[in-house]
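Data block below; observations after.
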Amino acid sequence: MTGRGDLSVRAQVLLWTAQRASAAVLAVCVVVHLVTILYAVRGGLTAAEVLGRTQGSVAWAAFYFLFVAAVAVHAPIGLRSVLAETFNWRGRSLEVTVIVIALALALWGLRAVYAVFI
Amino acid sequence: MSALRVSVWRGTESGRFQLFEVPRLESQTVLDVVTYIQRALDSTLAYRYACRVGMCGSCAMTVNGRARWTCRTHVDQVAREGRLEIGPLSNLPVVRDLVTDMSEFFDKWAAARGRFRGATTRKDDFARVPPGSAQRRLADAGIECIGCGVCYSACDVVAWNPDYLGPAALNRAWTLMNDVRDTDRRARLAAVAGDAGCHACHTHMSCSERCPKQISPTASIAGLKRAAAIAALKGEI
């Protein structure tokens, strides 16, 4: 069932599916991320020491690339529902807004991946 | 004989609670209380009921802040310090006093294609559906809905998203999705999927908690979500 000027039903369902799939990825990524932080700083590392260990690591770069991609998919889809339900905001302007947010999250995240791992 | 102090909603969307004193009786239901008020204290009170035995689904009201079927709700269960507050169901327009307009609720059943559509005629033999089959058991889990509107009134998503079909209509659709005789399943799945359908459900489970028939619309909606996601990935909807 579509509402006013919304995406097709199939697109709506695929967005929901993408959000669930990205949530599954995030569940793993967040745990790995937190455990790594706690492990890495337990002895008190400086920023330079952290960068010395992370830069050039293809595996960690790939892991955080996946993490950023999952965030960029997951958060805007959830935000789309929150905005629609809270402000009764629907239609093209909402879709464009969340796409912009998705691109911004991806850009900021990839910039951090580039800075820390490449 | 002790007395109950009962606040009853009077008016339409705007109005006020009016206080009545009602004799407290043994095994008294909330519907008994409302009926006493209408018959003995104020004949202008508008409310709706029919069967009085939990079959017709017409007497649901908001009792002390929760949607309930009043004919099967004993005063003992809900009265707090001898007080009751009785109002119309939430999420539906109020016609007058305790009567809500259920049109939108049942229109959404129709929008969810909640009508059985088969391929056989009365000249054909009976369909044989094994009661123990997986699909029949799923249909049976939701089939006892009496359309009282308690779940619809309890649902936060209905309040936030007026287009949302609601738990009862989606539960009905799920029972038909599992009816092996039905021929309208693909169109029904498309009708109940997406932002105004099953995928809007946040799994708060208020519907399942409040359903007087102990049905779990949440489980039915989860089934629809899975079925629709698979159909969307296959390009079938």
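To be explicit about the labels: the chains of the structure tokens are called A, B, and onward in the order shown, and within each one the residues are counted from 1, while ligands get numbers from 1 in the order they are shown.
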Residues of chain B within 6 Å of chain A, using only C-alpha atoms, as a PDB file with C-alpha atoms, in the first residue's frame?
```
ATOM      1  CA  TRP B 160       1.629   8.170  14.415  1.00  0.00           C
ATOM      2  CA  ASN B 161       0.800   7.034  10.894  1.00  0.00           C
ATOM      3  CA  ALA B 191      -1.612  -4.524  -0.489  1.00  0.00           C
ATOM      4  CA  VAL B 192      -0.255  -5.120   3.010  1.00  0.00           C
ATOM      5  CA  GLY B 194       5.429  -1.232   2.758  1.00  0.00           C
ATOM      6  CA  ALA B 196       1.517   1.894   5.410  1.00  0.00           C
ATOM      7  CA  ALA B 229      10.546  -9.240   1.822  1.00  0.00           C
ATOM      8  CA  ALA B 232      10.141  -8.181  -3.135  1.00  0.00           C
ATOM      9  CA  ILE B 237       5.470  -7.560  -5.713  1.00  0.00           C
TER      10      ILE B 237
END
```
Taking the chain letters and numbering used in this document, name the residues of chain A that DSSP puts in helix (DSSP H, G or I), as a VMD selection string. chain A and resid 9 to 41 47 to 54 58 to 87 92 to 117
10 Å contact set for Cys198 of chain B, only C-alpha atoms, chain neighbours under 2 positions out, as a PyMOL selection string: (chain A and resi 1+13) or (chain B and resi 164-167+169-171+189+191-196+200-202+218+220-226+228)
Export of the given selection (N, CA and C atoms) as a compact mmCIF listing (two decimals), in the first residue's frame:
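Saved the output as part_34.txt:
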```txt
# COMPACT_ATOMS: atom_id res chain seq x y z
N MET A 1 0.85 -1.19 0.00
CA MET A 1 0.00 0.00 0.00
C MET A 1 0.89 1.24 0.00
N VAL A 13 9.64 -2.06 0.57
CA VAL A 13 9.96 -3.35 1.21
C VAL A 13 11.47 -3.61 1.12
N TYR B 164 -1.50 3.71 8.30
CA TYR B 164 -1.14 2.34 8.71
C TYR B 164 -2.39 1.47 8.83
N LEU B 165 -2.32 0.29 8.25
CA LEU B 165 -3.50 -0.58 8.19
C LEU B 165 -3.91 -1.09 9.57
N GLY B 166 -2.94 -1.25 10.45
CA GLY B 166 -3.28 -1.66 11.82
C GLY B 166 -3.22 -3.16 12.03
N PRO B 167 -3.14 -3.56 13.31
CA PRO B 167 -2.90 -4.97 13.64
C PRO B 167 -4.01 -5.91 13.20
N ALA B 169 -6.33 -5.71 10.71
CA ALA B 169 -6.41 -5.92 9.27
C ALA B 169 -5.23 -6.78 8.79
N LEU B 170 -4.05 -6.53 9.36
CA LEU B 170 -2.87 -7.30 8.95
C LEU B 170 -2.97 -8.74 9.44
N ASN B 171 -3.50 -8.92 10.65
CA ASN B 171 -3.70 -10.28 11.16
C ASN B 171 -4.67 -11.05 10.27
N LEU B 189 -0.52 -9.60 -0.64
CA LEU B 189 0.81 -9.31 -0.11
C LEU B 189 1.26 -7.90 -0.53
N ALA B 191 -0.74 -5.49 -1.17
CA ALA B 191 -1.61 -4.52 -0.49
C ALA B 191 -1.19 -4.27 0.95
N VAL B 192 -0.58 -5.27 1.58
CA VAL B 192 -0.25 -5.12 3.01
C VAL B 192 1.22 -4.81 3.26
N ALA B 193 2.03 -4.68 2.19
CA ALA B 193 3.46 -4.44 2.37
C ALA B 193 3.76 -2.95 2.39
N GLY B 194 4.94 -2.61 2.88
CA GLY B 194 5.43 -1.23 2.76
C GLY B 194 5.13 -0.34 3.95
N ASP B 195 5.30 0.97 3.71
CA ASP B 195 5.27 1.97 4.78
C ASP B 195 3.92 2.09 5.48
N ALA B 196 2.84 1.80 4.78
CA ALA B 196 1.52 1.89 5.41
C ALA B 196 1.02 0.52 5.82
N ALA B 200 5.54 -1.06 8.64
CA ALA B 200 5.51 0.09 9.55
C ALA B 200 5.49 -0.35 11.01
N CYS B 201 5.19 -1.62 11.26
CA CYS B 201 5.05 -2.11 12.65
C CYS B 201 6.40 -2.04 13.37
N HIS B 202 6.40 -1.46 14.58
CA HIS B 202 7.62 -1.35 15.38
C HIS B 202 7.76 -2.48 16.40
N THR B 218 1.19 -9.30 16.34
CA THR B 218 2.62 -9.04 16.10
C THR B 218 3.25 -10.21 15.34
N SER B 220 1.67 -12.36 13.44
CA SER B 220 1.11 -12.36 12.08
C SER B 220 1.81 -11.33 11.21
N ILE B 221 2.05 -10.15 11.79
CA ILE B 221 2.71 -9.08 11.03
C ILE B 221 4.14 -9.47 10.70
N ALA B 222 4.81 -10.15 11.64
CA ALA B 222 6.18 -10.62 11.36
C ALA B 222 6.17 -11.60 10.19
N GLY B 223 5.16 -12.45 10.15
CA GLY B 223 5.04 -13.39 9.03
C GLY B 223 4.85 -12.67 7.72
N LEU B 224 4.03 -11.63 7.74
CA LEU B 224 3.81 -10.84 6.51
C LEU B 224 5.09 -10.13 6.09
N LYS B 225 5.84 -9.60 7.06
CA LYS B 225 7.09 -8.91 6.74
C LYS B 225 8.05 -9.85 6.00
N ARG B 226 8.19 -11.05 6.54
CA ARG B 226 9.10 -12.03 5.92
C ARG B 226 8.62 -12.39 4.53
N ALA B 228 6.68 -10.76 2.50
CA ALA B 228 6.76 -9.63 1.55
C ALA B 228 8.21 -9.35 1.17
```
Shell of 12 Å around Val53 of chain B, only C-alpha atoms, local chain residues under 5 positions omitted, as number ranges by chain: B: 29, 31-32, 58-59, 69-73, 146
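Taking atom CA of Arg10 of chain B as the reference point, atom CA of Cys56 of chain B is found at 24.1 Å.
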Close residues, segment 89-103 of chain A itself excluded, 7 Å, only C-alpha atoms, min 4 positions apart in chain, as a PyMOL selection string: chain A and resi 4-6+72-73+76+80+83-84+107
Go ahead and save the picked residues with N, CA and C atoms, as an mmCIF file, in the first residue's frame.
```
data_model
loop_
_atom_site.group_PDB
_atom_site.id
_atom_site.type_symbol
_atom_site.label_atom_id
_atom_site.label_comp_id
_atom_site.auth_asym_id
_atom_site.auth_seq_id
_atom_site.Cartn_x
_atom_site.Cartn_y
_atom_site.Cartn_z
ATOM 1 N N ARG A 4 0.991 8.991 -0.012
ATOM 2 C CA ARG A 4 1.037 10.121 -0.929
ATOM 3 C C ARG A 4 2.426 10.265 -1.555
ATOM 4 N N GLY A 5 2.524 10.135 -2.887
ATOM 5 C CA GLY A 5 3.766 10.396 -3.609
ATOM 6 C C GLY A 5 4.955 9.610 -3.113
ATOM 7 N N ASP A 6 4.700 8.404 -2.594
ATOM 8 C CA ASP A 6 5.791 7.631 -2.015
ATOM 9 C C ASP A 6 6.464 6.744 -3.047
ATOM 10 N N ALA A 72 25.735 3.824 6.721
ATOM 11 C CA ALA A 72 25.159 4.719 5.711
ATOM 12 C C ALA A 72 23.855 4.160 5.151
ATOM 13 N N VAL A 73 23.688 2.845 5.210
ATOM 14 C CA VAL A 73 22.428 2.232 4.760
ATOM 15 C C VAL A 73 21.405 2.254 5.895
ATOM 16 N N PRO A 76 19.936 6.164 7.730
ATOM 17 C CA PRO A 76 18.970 7.006 7.011
ATOM 18 C C PRO A 76 17.597 6.335 6.837
ATOM 19 N N ARG A 80 14.266 7.938 8.204
ATOM 20 C CA ARG A 80 13.117 8.175 7.314
ATOM 21 C C ARG A 80 11.806 7.850 8.028
ATOM 22 N N LEU A 83 11.227 10.453 10.952
ATOM 23 C CA LEU A 83 10.764 11.759 10.465
ATOM 24 C C LEU A 83 9.326 11.679 9.955
ATOM 25 N N ALA A 84 9.011 10.580 9.257
ATOM 26 C CA ALA A 84 7.648 10.426 8.721
ATOM 27 C C ALA A 84 6.634 10.367 9.860
ATOM 28 N N LEU A 107 30.392 9.597 3.259
ATOM 29 C CA LEU A 107 31.565 10.426 2.970
ATOM 30 C C LEU A 107 32.424 10.629 4.223
#
```
Using Å and a single decimal, report how far atom CA of Leu89 of chain B sits from atom CA of Cys211 of chain B.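 A separation of 13.6 Å between them.
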Please, what distance in Å, to one decimal, runs between atom CA of Val113 of chain A and atom CA of Ala24 of chain A?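 These two atoms are separated by 20.9 Å.
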Please provide the set of residues having any atom within 9 Å of Ala40 of chain A, restricted to only C-alpha atoms, with same-chain residues fewer than 5 positions apart removed, written as a ChimeraX atom specification. /A:35,45,50
